[in-house]
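File shown: data.txt (compact mmCIF, C-alpha atoms).
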```txt
# COMPACT_ATOMS: atom_id res chain seq x y z
CA MET A 28 -34.23 21.40 -10.55
CA ARG A 29 -33.10 24.77 -11.87
CA ALA A 30 -31.85 25.78 -8.40
CA LEU A 31 -29.88 22.53 -8.09
CA THR A 32 -28.25 23.15 -11.48
CA SER A 33 -27.27 26.68 -10.46
CA ARG A 34 -25.79 25.37 -7.24
CA GLU A 35 -23.73 22.79 -9.10
CA ALA A 36 -22.54 25.42 -11.57
CA GLY A 37 -21.50 27.68 -8.72
CA LEU A 38 -19.58 24.85 -7.11
CA VAL A 39 -17.77 24.11 -10.37
CA LEU A 40 -16.85 27.76 -10.81
CA LEU A 41 -15.57 27.89 -7.24
CA ARG A 42 -13.36 24.86 -7.87
CA ILE A 43 -12.04 26.38 -11.08
CA ALA A 44 -11.16 29.59 -9.27
CA ALA A 45 -9.46 27.64 -6.47
CA MET A 46 -7.46 25.62 -9.01
CA ALA A 47 -6.34 28.81 -10.78
CA ALA A 48 -5.24 30.38 -7.49
CA LEU A 49 -3.36 27.26 -6.37
CA TYR A 50 -1.69 26.87 -9.76
CA TYR A 51 -0.56 30.49 -9.82
CA GLY A 52 0.75 30.37 -6.25
CA ALA A 53 2.66 27.16 -6.91
CA ALA A 54 4.09 28.70 -10.11
CA GLU A 55 5.41 31.73 -8.25
CA LEU A 56 7.06 29.37 -5.78
CA GLY A 57 8.63 27.29 -8.54
CA LEU A 58 9.99 30.31 -10.42
CA GLN A 59 12.27 31.03 -7.47
CA GLN A 60 14.60 28.33 -8.87
CA GLN A 61 14.46 29.14 -12.61
CA LEU A 62 17.42 28.07 -14.72
CA VAL A 63 16.53 29.01 -18.31
CA ARG A 64 15.24 32.40 -19.41
CA GLY A 65 13.62 33.16 -16.09
CA GLN A 66 10.73 30.72 -16.66
CA VAL A 67 12.14 27.17 -16.87
CA THR A 68 12.77 25.56 -13.51
CA PRO A 69 13.88 22.06 -12.37
CA LEU A 70 10.85 21.87 -10.07
CA TRP A 71 7.51 23.05 -11.39
CA PRO A 72 5.00 22.43 -8.55
CA PRO A 73 1.95 23.59 -10.56
CA THR A 74 1.94 20.37 -12.56
CA GLY A 75 1.70 18.37 -9.35
CA VAL A 76 -1.11 20.62 -8.15
CA ALA A 77 -2.91 20.27 -11.48
CA VAL A 78 -2.69 16.46 -11.63
CA ALA A 79 -3.76 16.13 -7.99
CA GLY A 80 -6.70 18.47 -8.61
CA LEU A 81 -7.83 16.53 -11.66
CA LEU A 82 -7.60 13.21 -9.79
CA ALA A 83 -9.40 14.52 -6.72
CA VAL A 84 -12.09 16.72 -8.28
CA GLY A 85 -12.39 15.66 -11.90
CA PRO A 86 -11.67 17.02 -15.38
CA ARG A 87 -14.09 19.93 -15.01
CA VAL A 88 -11.40 22.05 -13.34
CA TRP A 89 -9.13 22.16 -16.43
CA PRO A 90 -10.10 25.81 -17.15
CA GLY A 91 -8.58 26.69 -13.77
CA ILE A 92 -5.29 25.11 -14.89
CA ALA A 93 -5.34 27.14 -18.09
CA LEU A 94 -6.17 30.37 -16.26
CA GLY A 95 -3.43 29.84 -13.67
CA ALA A 96 -0.88 28.98 -16.37
CA PHE A 97 -1.78 32.12 -18.31
CA LEU A 98 -1.43 34.36 -15.25
CA ALA A 99 1.95 32.77 -14.45
CA ASN A 100 3.38 33.09 -17.99
CA VAL A 101 1.87 36.29 -19.34
CA SER A 102 4.46 38.45 -17.62
CA LEU A 103 7.33 36.22 -18.78
CA GLY A 104 6.68 36.45 -22.54
CA PRO A 105 8.05 36.23 -25.07
CA SER A 106 4.77 37.23 -26.78
CA ILE A 107 1.06 36.75 -26.32
CA PRO A 108 0.72 34.08 -29.08
CA ALA A 109 3.72 32.23 -27.65
CA VAL A 110 2.27 32.48 -24.14
CA LEU A 111 -1.03 31.03 -25.34
CA LEU A 112 0.77 28.07 -26.90
CA ILE A 113 2.77 27.51 -23.72
CA VAL A 114 -0.46 27.69 -21.71
CA ALA A 115 -2.01 25.11 -24.04
CA GLY A 116 0.94 22.77 -23.42
CA ASN A 117 0.84 23.34 -19.66
CA THR A 118 -2.88 22.53 -19.64
CA LEU A 119 -2.76 19.58 -22.00
CA ALA A 120 0.05 17.78 -20.12
CA PRO A 121 -1.83 17.35 -16.79
CA VAL A 122 -5.00 16.40 -18.66
CA CYS A 123 -3.09 13.73 -20.62
CA ALA A 124 -1.52 12.46 -17.38
CA TYR A 125 -4.98 12.29 -15.79
CA LEU A 126 -6.44 10.37 -18.74
CA LEU A 127 -3.52 7.91 -18.79
CA LEU A 128 -3.85 7.28 -15.06
CA ARG A 129 -7.59 6.78 -15.29
CA ARG A 130 -7.07 4.42 -18.19
CA ALA A 131 -4.68 2.40 -16.03
CA GLY A 132 -7.21 2.21 -13.17
CA PHE A 133 -5.17 4.46 -10.86
CA ARG A 134 -6.44 4.92 -7.30
CA THR A 135 -5.65 8.09 -5.37
CA GLU A 136 -5.05 6.12 -2.16
CA LEU A 137 -1.80 4.73 -3.64
CA ASP A 138 -2.44 1.57 -1.64
CA ARG A 139 -1.76 -0.87 -4.48
CA LEU A 140 1.55 -1.88 -5.97
CA ARG A 141 0.39 -1.07 -9.50
CA ASP A 142 -0.53 2.55 -8.67
CA VAL A 143 3.02 3.71 -7.99
CA PRO A 144 4.57 2.72 -11.36
CA ALA A 145 1.51 4.19 -13.07
CA LEU A 146 2.05 7.55 -11.36
CA VAL A 147 5.79 7.56 -12.08
CA PHE A 148 5.82 6.39 -15.68
CA LEU A 149 2.42 7.52 -16.97
CA GLY A 150 1.67 10.59 -14.88
CA ALA A 151 5.15 12.05 -14.39
CA LEU A 152 7.56 10.83 -17.06
CA GLY A 153 5.04 10.18 -19.84
CA GLY A 154 2.43 12.90 -19.51
CA MET A 155 4.91 15.72 -19.02
CA LEU A 156 6.58 15.07 -22.40
CA VAL A 157 3.76 17.15 -23.89
CA SER A 158 4.45 20.36 -21.98
CA ALA A 159 8.23 20.08 -22.28
CA THR A 160 8.10 19.54 -26.04
CA VAL A 161 5.50 22.24 -26.74
CA GLY A 162 7.12 24.81 -24.46
CA SER A 163 10.68 24.28 -25.72
CA ALA A 164 9.53 24.32 -29.34
CA VAL A 165 7.64 27.59 -28.78
CA LEU A 166 10.70 29.24 -27.24
CA LEU A 167 12.85 28.03 -30.13
CA VAL A 168 10.46 29.19 -32.87
CA SER A 169 9.90 32.56 -31.20
CA GLY A 170 13.66 33.14 -31.01
CA ALA A 171 13.77 33.18 -27.22
CA ILE A 172 16.46 30.46 -27.24
CA ASP A 173 19.04 29.24 -29.75
CA GLY A 174 19.03 25.88 -31.45
CA SER A 175 21.92 24.69 -29.28
CA ASP A 176 19.88 25.43 -26.18
CA PHE A 177 16.86 23.39 -27.22
CA TRP A 178 17.79 20.09 -25.52
CA PRO A 179 19.08 21.66 -22.28
CA THR A 180 15.88 23.72 -22.13
CA TRP A 181 13.77 20.67 -22.91
CA SER A 182 15.53 18.61 -20.22
CA VAL A 183 14.99 21.26 -17.56
CA TRP A 184 11.37 21.74 -18.57
CA TRP A 185 10.64 18.01 -18.57
CA THR A 186 12.48 17.49 -15.29
CA GLY A 187 10.60 20.32 -13.61
CA ASP A 188 7.17 19.15 -14.73
CA ALA A 189 7.90 15.50 -13.98
CA MET A 190 9.27 16.33 -10.53
CA GLY A 191 6.16 18.37 -9.82
CA VAL A 192 4.01 15.31 -10.42
CA LEU A 193 6.40 12.89 -8.77
CA VAL A 194 6.86 14.69 -5.45
CA VAL A 195 3.92 17.11 -5.14
CA THR A 196 1.02 14.98 -6.37
CA PRO A 197 1.51 12.08 -3.88
CA PHE A 198 1.93 14.56 -1.04
CA LEU A 199 -1.31 16.39 -1.90
CA LEU A 200 -3.22 13.14 -2.39
CA MET A 201 -2.07 11.94 1.03
CA LEU A 202 -2.68 15.34 2.63
CA ARG A 203 -6.38 15.28 1.78
CA ARG A 204 -6.75 11.88 3.46
CA VAL A 205 -4.52 12.22 6.48
CA ARG A 206 -6.16 12.22 9.91
CA ARG A 207 -4.81 12.70 13.39
CA PRO A 208 -3.71 9.26 14.60
CA VAL A 209 -5.92 7.89 17.33
CA GLY A 210 -4.15 6.52 20.37
CA ALA A 211 -0.65 7.48 19.19
CA GLY A 212 1.52 7.95 22.26
CA TRP A 213 4.62 10.05 22.69
CA PRO A 214 6.96 7.26 21.41
CA ARG A 215 5.21 7.40 18.05
CA TRP A 216 5.53 11.18 17.85
CA ALA A 217 9.15 10.99 18.95
CA GLU A 218 9.85 8.47 16.19
CA ALA A 219 8.22 10.74 13.60
CA ALA A 220 10.27 13.70 14.79
CA ALA A 221 13.48 11.67 14.67
CA LEU A 222 12.64 10.49 11.15
CA ALA A 223 11.98 14.02 9.92
CA ALA A 224 15.13 15.45 11.49
CA GLY A 225 17.32 12.60 10.28
CA THR A 226 15.95 12.79 6.72
CA VAL A 227 16.55 16.53 6.41
CA LEU A 228 19.99 16.41 8.01
CA VAL A 229 21.32 13.47 5.98
CA THR A 230 19.90 14.81 2.70
CA HIS A 231 21.39 18.24 3.35
CA LEU A 232 24.82 16.75 4.00
CA ALA A 233 24.60 14.43 0.97
CA THR A 234 23.61 17.23 -1.40
CA ARG A 235 26.31 19.61 -0.14
CA THR A 236 29.18 17.16 -0.55
CA SER A 237 30.88 16.63 -3.88
CA ASN A 238 30.89 12.85 -3.36
CA ALA A 239 27.78 11.68 -5.26
CA SER A 240 27.81 8.28 -3.55
CA LEU A 241 26.63 9.93 -0.32
CA LEU A 242 23.23 10.41 -1.93
CA PHE A 243 22.53 6.75 -1.16
CA LEU A 244 22.46 7.58 2.54
CA VAL A 245 18.94 8.96 2.21
CA PHE A 246 17.41 5.64 1.18
CA PRO A 247 17.40 4.05 4.67
CA PHE A 248 15.32 7.00 5.86
CA LEU A 249 12.91 6.61 2.94
CA ILE A 250 12.54 2.92 3.77
CA TRP A 251 12.00 3.78 7.43
CA ALA A 252 9.29 6.28 6.50
CA ALA A 253 7.51 3.88 4.15
CA TYR A 254 7.62 0.90 6.52
CA ARG A 255 6.57 2.69 9.69
CA PHE A 256 4.34 5.52 8.40
CA ARG A 257 3.04 4.10 5.11
CA GLN A 258 2.06 6.51 2.30
CA PRO A 259 1.91 9.72 4.36
CA GLY A 260 5.45 9.20 5.63
CA ALA A 261 6.77 8.09 2.24
CA ALA A 262 5.22 11.03 0.39
CA THR A 263 6.42 13.59 2.95
CA CYS A 264 10.00 12.31 3.07
CA THR A 265 10.13 12.04 -0.73
CA LEU A 266 9.04 15.67 -1.00
CA ALA A 267 11.73 16.78 1.47
CA VAL A 268 14.50 14.76 -0.20
CA SER A 269 13.57 15.86 -3.72
CA THR A 270 13.26 19.52 -2.74
CA LEU A 271 16.71 19.58 -1.17
CA ALA A 272 18.21 17.78 -4.17
CA ILE A 273 16.57 20.26 -6.57
CA LEU A 274 17.89 23.21 -4.57
CA ALA A 275 21.38 21.75 -4.77
CA ALA A 276 21.05 21.16 -8.53
CA ALA A 277 19.76 24.69 -9.11
CA GLY A 278 22.66 26.13 -7.13
CA GLY A 279 25.23 23.84 -8.75
CA SER A 280 26.53 22.59 -5.42
CA GLY A 281 27.49 19.19 -4.06
CA PRO A 282 27.30 16.32 -6.56
CA PHE A 283 25.84 18.72 -9.16
CA ALA A 284 28.88 21.00 -9.26
CA ASP A 285 31.16 21.22 -12.30
CA HIS A 286 28.64 19.59 -14.66
CA ASP A 287 26.66 20.99 -17.56
CA LEU A 288 22.96 21.70 -17.27
CA PHE A 289 21.81 18.65 -19.21
CA SER A 290 23.93 16.25 -17.10
CA ASN A 291 22.62 17.77 -13.89
CA MET A 292 19.02 17.38 -15.03
CA VAL A 293 19.57 13.73 -15.97
CA THR A 294 21.21 13.03 -12.60
CA LEU A 295 18.48 14.89 -10.74
CA GLN A 296 15.72 13.08 -12.61
CA ALA A 297 17.32 9.68 -11.93
CA PHE A 298 17.86 10.38 -8.23
CA ASN A 299 14.41 11.82 -7.52
CA GLY A 300 12.67 9.15 -9.58
CA THR A 301 14.51 6.36 -7.76
CA ALA A 302 13.80 7.90 -4.36
CA ALA A 303 10.09 8.35 -5.07
CA LEU A 304 9.76 4.89 -6.60
CA THR A 305 11.51 3.23 -3.65
CA ALA A 306 9.49 4.97 -0.94
CA LEU A 307 6.09 4.78 -2.60
CA LEU A 308 6.50 1.19 -3.77
CA LEU A 309 7.52 -0.04 -0.33
CA ALA A 310 4.64 1.85 1.28
CA ALA A 311 2.21 0.25 -1.17
CA VAL A 312 3.63 -3.23 -0.48
CA VAL A 313 3.32 -2.79 3.29
CA THR A 314 -0.21 -1.42 2.93
CA GLU A 315 -1.26 -4.36 0.76
CA ARG A 316 0.22 -6.75 3.31
CA ASP A 317 -1.71 -5.11 6.15
CA GLU A 318 -4.96 -5.17 4.22
CA THR A 319 -4.48 -8.83 3.31
CA HIS A 320 -3.81 -9.68 6.97
CA GLN A 321 -6.96 -7.87 8.07
CA GLU A 322 -9.00 -9.61 5.39
CA ILE A 323 -7.73 -13.02 6.50
CA LYS A 324 -8.62 -12.23 10.11
CA ARG A 325 -12.08 -11.12 9.03
CA LEU A 326 -12.65 -14.28 6.99
CA CYS A 327 -11.40 -16.50 9.83
CA SER A 328 -13.75 -14.78 12.24
CA ARG A 329 -16.64 -15.21 9.83
CA LEU A 330 -15.74 -18.87 9.27
CA ALA A 331 -15.65 -19.48 13.01
CA GLU A 332 -19.13 -17.97 13.33
CA VAL A 333 -20.47 -20.19 10.53
CA VAL A 334 -18.91 -23.32 12.05
CA ALA A 335 -20.31 -22.42 15.46
CA GLN A 336 -23.79 -22.23 13.94
CA ILE A 337 -23.71 -25.54 12.06
CA GLU A 338 -21.56 -27.68 14.38
CA PRO A 339 -23.56 -29.89 16.82
CA ARG A 340 -22.85 -29.14 20.47
CA PRO A 341 -22.11 -31.88 23.05
CA GLU A 342 -24.85 -30.43 25.25
CA ALA A 343 -27.34 -31.40 22.56
CA TYR A 344 -26.55 -35.09 23.19
CA GLY A 345 -26.88 -35.12 26.93
CA GLY A 346 -23.35 -33.96 27.66
CA THR A 347 -21.84 -37.29 26.58
CA GLY A 348 -19.74 -35.75 23.79
CA TYR A 349 -20.86 -38.15 21.04
CA GLU A 350 -23.74 -38.24 18.61
CA PRO A 351 -26.88 -40.39 18.88
CA GLY A 352 -26.59 -43.86 17.46
CA TYR A 353 -23.25 -44.53 19.18
CA GLU A 354 -22.55 -45.94 22.57
CA ALA A 355 -19.78 -45.20 25.00
CA GLY A 356 -16.96 -47.64 24.45
CA ASP A 357 -17.56 -48.10 20.70
CA SER A 358 -14.25 -48.47 18.89
CA VAL A 359 -13.36 -46.91 15.59
CA ALA A 360 -11.69 -50.04 14.36
CA ASP A 361 -14.16 -52.62 15.63
CA GLY A 362 -17.49 -50.82 15.42
CA PRO A 363 -20.22 -50.59 18.06
CA GLY A 364 -19.72 -52.56 21.18
CA ALA A 365 -15.95 -52.90 20.98
CA GLU A 366 -13.62 -51.72 23.65
CA PRO A 367 -12.39 -48.09 23.50
CA PRO A 368 -8.73 -47.35 22.81
CA ALA A 369 -6.37 -47.35 25.73
CA GLY A 370 -6.37 -44.06 27.59
CA ALA A 371 -9.37 -42.69 25.72
CA GLU A 372 -11.71 -42.70 28.72
CA GLY A 373 -12.53 -39.21 30.04
CA GLU A 374 -14.90 -37.77 32.53
CA SER A 375 -17.86 -38.86 30.46
CA GLY A 376 -16.42 -42.30 29.83
CA ALA A 377 -16.95 -41.95 26.10
CA GLY A 378 -14.42 -43.44 23.72
CA ALA A 379 -13.83 -43.45 20.00
CA VAL A 380 -16.91 -44.02 17.86
CA ARG A 381 -17.62 -45.11 14.34
CA SER A 382 -20.58 -44.44 12.12
CA PRO A 383 -23.03 -47.31 12.09
CA GLY A 384 -23.27 -46.93 8.34
CA GLY A 385 -20.42 -49.38 7.79
CA PRO A 386 -16.81 -49.05 6.69
CA ASP A 387 -17.69 -47.23 3.49
CA ARG A 388 -19.11 -44.26 5.43
CA HIS A 389 -17.21 -42.11 7.86
CA GLU A 390 -14.37 -44.63 7.76
CA ARG A 391 -11.88 -42.24 9.25
CA ARG A 392 -13.98 -40.56 11.89
CA ALA A 393 -13.16 -40.49 15.59
CA SER A 394 -15.02 -38.59 18.29
CA TYR A 395 -14.03 -38.45 21.92
CA GLY A 396 -16.03 -37.40 24.93
CA ARG A 397 -15.82 -34.21 26.93
CA ALA A 398 -12.61 -33.54 28.86
CA ALA A 399 -11.06 -36.73 27.50
CA ASP A 400 -7.41 -37.46 28.24
CA ALA A 401 -6.13 -38.45 24.79
CA GLU A 402 -2.61 -39.50 25.82
CA GLY A 403 -1.85 -42.79 24.11
CA ALA A 404 -5.38 -43.00 22.76
CA GLY A 405 -4.39 -44.76 19.55
CA PHE A 406 -6.58 -42.87 17.03
CA ARG A 407 -6.42 -45.87 14.72
CA GLU A 408 -8.85 -44.84 12.05
CA ALA A 409 -7.95 -41.12 12.37
CA GLY A 410 -4.47 -41.83 11.02
CA LEU A 411 -2.37 -40.30 13.84
CA ARG A 412 1.09 -41.82 13.58
CA ASP A 413 3.90 -41.35 16.04
CA ALA A 414 1.79 -38.74 17.82
CA ASP A 415 2.71 -37.61 21.29
CA LEU A 416 -0.24 -35.83 22.91
CA ARG A 417 0.55 -34.79 26.48
CA ASP A 418 -1.82 -33.13 28.89
CA ALA A 419 -4.24 -32.54 26.01
CA ASP A 420 -7.76 -31.47 26.85
CA ALA A 421 -9.82 -32.52 23.82
CA ALA A 422 -13.26 -31.69 25.18
CA GLY A 423 -15.80 -32.01 22.45
CA ALA A 424 -13.07 -32.08 19.79
CA GLU A 425 -13.81 -33.80 16.52
CA VAL A 426 -11.08 -35.05 14.19
CA ARG A 427 -12.16 -36.14 10.71
CA GLY A 428 -9.80 -37.70 8.26
CA ALA A 429 -6.81 -36.04 9.95
CA GLU A 430 -3.32 -37.39 9.39
CA VAL A 431 -0.74 -36.19 11.89
CA ARG A 432 2.80 -37.52 11.66
CA GLY A 433 5.52 -36.87 14.22
CA THR A 434 3.39 -34.30 16.00
CA GLU A 435 3.96 -33.24 19.56
CA VAL A 436 1.15 -31.39 21.31
CA ARG A 437 1.73 -30.26 24.86
CA SER A 438 -0.62 -28.55 27.28
CA THR A 439 -3.05 -27.78 24.49
CA GLU A 440 -6.75 -27.10 24.94
CA ALA A 441 -8.85 -27.74 21.84
CA ARG A 442 -12.47 -27.16 22.72
CA GLY A 443 -14.96 -27.47 19.93
CA ILE A 444 -12.28 -27.67 17.22
CA ASP A 445 -13.19 -29.27 13.91
CA VAL A 446 -10.18 -30.36 11.83
CA SER A 447 -11.29 -31.82 8.51
CA ARG A 448 -8.93 -33.73 6.23
CA THR A 449 -5.87 -31.95 7.54
CA ASP A 450 -2.28 -33.12 6.99
CA VAL A 451 -0.01 -31.72 9.70
CA SER A 452 3.57 -33.00 9.52
CA GLY A 453 6.30 -32.28 12.03
CA THR A 454 4.24 -29.64 13.85
CA GLU A 455 4.91 -28.74 17.44
CA VAL A 456 2.27 -26.80 19.35
CA ARG A 457 2.91 -25.87 22.96
CA ARG A 458 0.61 -24.20 25.45
CA ASP A 459 -1.79 -22.78 22.89
CA ASP A 460 -5.42 -22.15 23.78
CA GLU A 461 -7.59 -22.72 20.71
CA SER A 462 -10.93 -22.28 22.47
```
Representation of the structure as structure tokens:
Amino acid sequence: MRALTSREAGLVLLRIAAMAALYYGAAELGLQQQLVRGQVTPLWPPTGVAVAGLLAVGPRVWPGIALGAFLANVSLGPSIPAVLLIVAGNTLAPVCAYLLLRRAGFRTELDRLRDVPALVFLGALGGMLVSATVGSAVLLVSGAIDGSDFWPTWSVWWTGDAMGVLVVTPFLLMLRRVRRPVGAGWPRWAEAAALAAGTVLVTHLATRTSNASLLFLVFPFLIWAAYRFRQPGAATCTLAVSTLAILAAAGGSGPFADHDLFSNMVTLQAFNGTAALTALLLAAVVTERDETHQEIKRLCSRLAEVVAQIEPRPEAYGGTGYEPGYEAGDSVADGPGAEPPAGAEGESGAGAVRSPGGPDRHERRASYGRAADAEGAGFREAGLRDADLRDADAAGAEVRGAEVRGTEVRSTEARGIDVSRTDVSGTEVRRDDES
């Protein structure tokens, strides 16, 4: 027991160290695009790394977030007490985002429609208010920025942290689950390459042109990625689009030229948020649709197995196609001994039958023999009106309480089908094999 506890403690320490290293490396990457005082950037990837780590591993790795944040900020100042407060804000924000997401029942697979708004509004926009407010207030109180610079600094800080969660966290969550597609041929790989090249090219052109309306050209590619490649494609394309937009905003080029810092951050936040929401929401909708379709197929298969187990087989009654207690030629309308409906005779010579229990039982039940030709059969008690059944092979079929109006069935084989109390109006079925 003591050895197991030591092993678990070692694993936790290893995860904390890995989180600190990843946070610090992502911070150095994000500082390449700083806009305020060398430490405030419009894209702060460490927050995305921190939230993804908390969701994937658990809250025990929060010391790694704090350690990585301290290593990233200690050289930036302005003082050790201020750095400690900034580290506290940078640690508390991902933890708050994690708690909010867990409270909302968030799933890391992002395969439900409710998960995407939770990540955007709770994880990114809501949770990162903590770090932006604490960090900007610390810089203001320490004298690192003036009072007039508080809101621009706050907007950049909030945008950077929110964008880190919005574009980095989904990508990392998908990256840990992605597998090499089985059976994907060269057309699939060619489509993926065309999608990647088109997304990068169109986004680059849209973010380097002063016409802001060209930014809408990226959305067809995001929809393409979400519809064809689900969450992995949506997360990857969102990361590429957002990164290129952030680079343009940091350089003040394209639609972000000739605007103040606060306006650029609002525009950038709106564009990246809309792009991520569109791609991830559509991917979740398509995934839910696929899972629902597979569940329906599974239930239908299971139902067919159950029906096959409980349904009596014609072979059990001597191959005549009708149950004991009935005689060939019994009519539904007239009871045992009556003549069968016109055209109802098949290979077995069996016609429509009626339960001997009287009109109050099985009143609307008709059963025809094996390989019966049902053209013009009548189906009086089955309630088939204006039905045109041509070349129908109704071997062993059983129709109970069915009402079919204006139906045309051509070249249809219905072996062993049980249709119970079904109302089919205006349906046309041609050359279908429902064996």
| note | Correct to one decimal, the distance CA of Gly150 in chain A-CA of Leu193 in chain A is 8.1 Å
| query | Could you work out how far CA of Ala267 in chain A lies from CA of Ala47 in chain A, giving the answer in Å with one decimal? | reply | 24.9 Å
| note | What separates CA of Thr236 in chain A and CA of Leu70 in chain A is a distance of 21.2 Å
| field | Minimum-distance residue to Thr305 in chain A, chosen among A:Ala224, A:Val268, A:Leu112, A:Leu249 (using all atoms listed in the file) | value | A:Leu249
Per residue of range 33-147 of chain A within 12 Å of range 259-263 of chain A, record the nearest atom pair and its distance in Å to one decimal, counting all atoms listed in the file, with rows in chain order and ascending residue number, as JSON lines.
```
{"residue": "A:Glu136", "atom": "CA", "partner": "A:Pro259", "partner_atom": "CA", "distance": 10.2}
{"residue": "A:Leu137", "atom": "CA", "partner": "A:Pro259", "partner_atom": "CA", "distance": 10.1}
{"residue": "A:Asp138", "atom": "CA", "partner": "A:Pro259", "partner_atom": "CA", "distance": 11.0}
{"residue": "A:Val143", "atom": "CA", "partner": "A:Ala262", "partner_atom": "CA", "distance": 11.3}
```
| said: Calculated over all atoms listed in the file, which of the candidates A:Gly132, A:Gly162, A:Gly187, A:Gly75 has the smallest distance to Leu274 in chain A? | reply: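 Closest to Leu274 in chain A, using all atoms listed in the file: A:Gly187.
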| With distances taken over all atoms listed in the file, which of A:Arg141, A:Arg207, A:Lys324, A:Arg329 is nearest to Ala310 in chain A? | A:Arg141
| field | Ref. answer, residues at most 10 Å from (15.0, 17.4, -14.1) with all atoms listed in the file, as a ChimeraX atom specification | value | /A:68-71,181-191,273,276,288-300
| query | With all atoms listed in the file as the atoms that count, which of A:Ala131, A:Leu38, A:Leu271, A:Ala171 lies nearest to Arg87 in chain A? | reply | A:Leu38
| message | I want to know what sits within 9 Å of Pro105 in chain A, based on all atoms listed in the file, with residues of the same chain fewer than 6 positions away left out; could you give that as a PyMOL selection string? | response | chain A and resi 166+169-171
| range 209-222 of chain A surroundings by only C-alpha atoms, 9 Å radius, close-in-sequence under 3 positions cut, as number ranges by chain | A: 206, 225-227, 248, 251-252, 256, 260, 264
| task | Counting only C-alpha atoms, figure out which residue out of A:Ala45, A:Leu146, A:Leu82, A:Val114 gets nearest to Arg203 in chain A. | result | A:Leu82
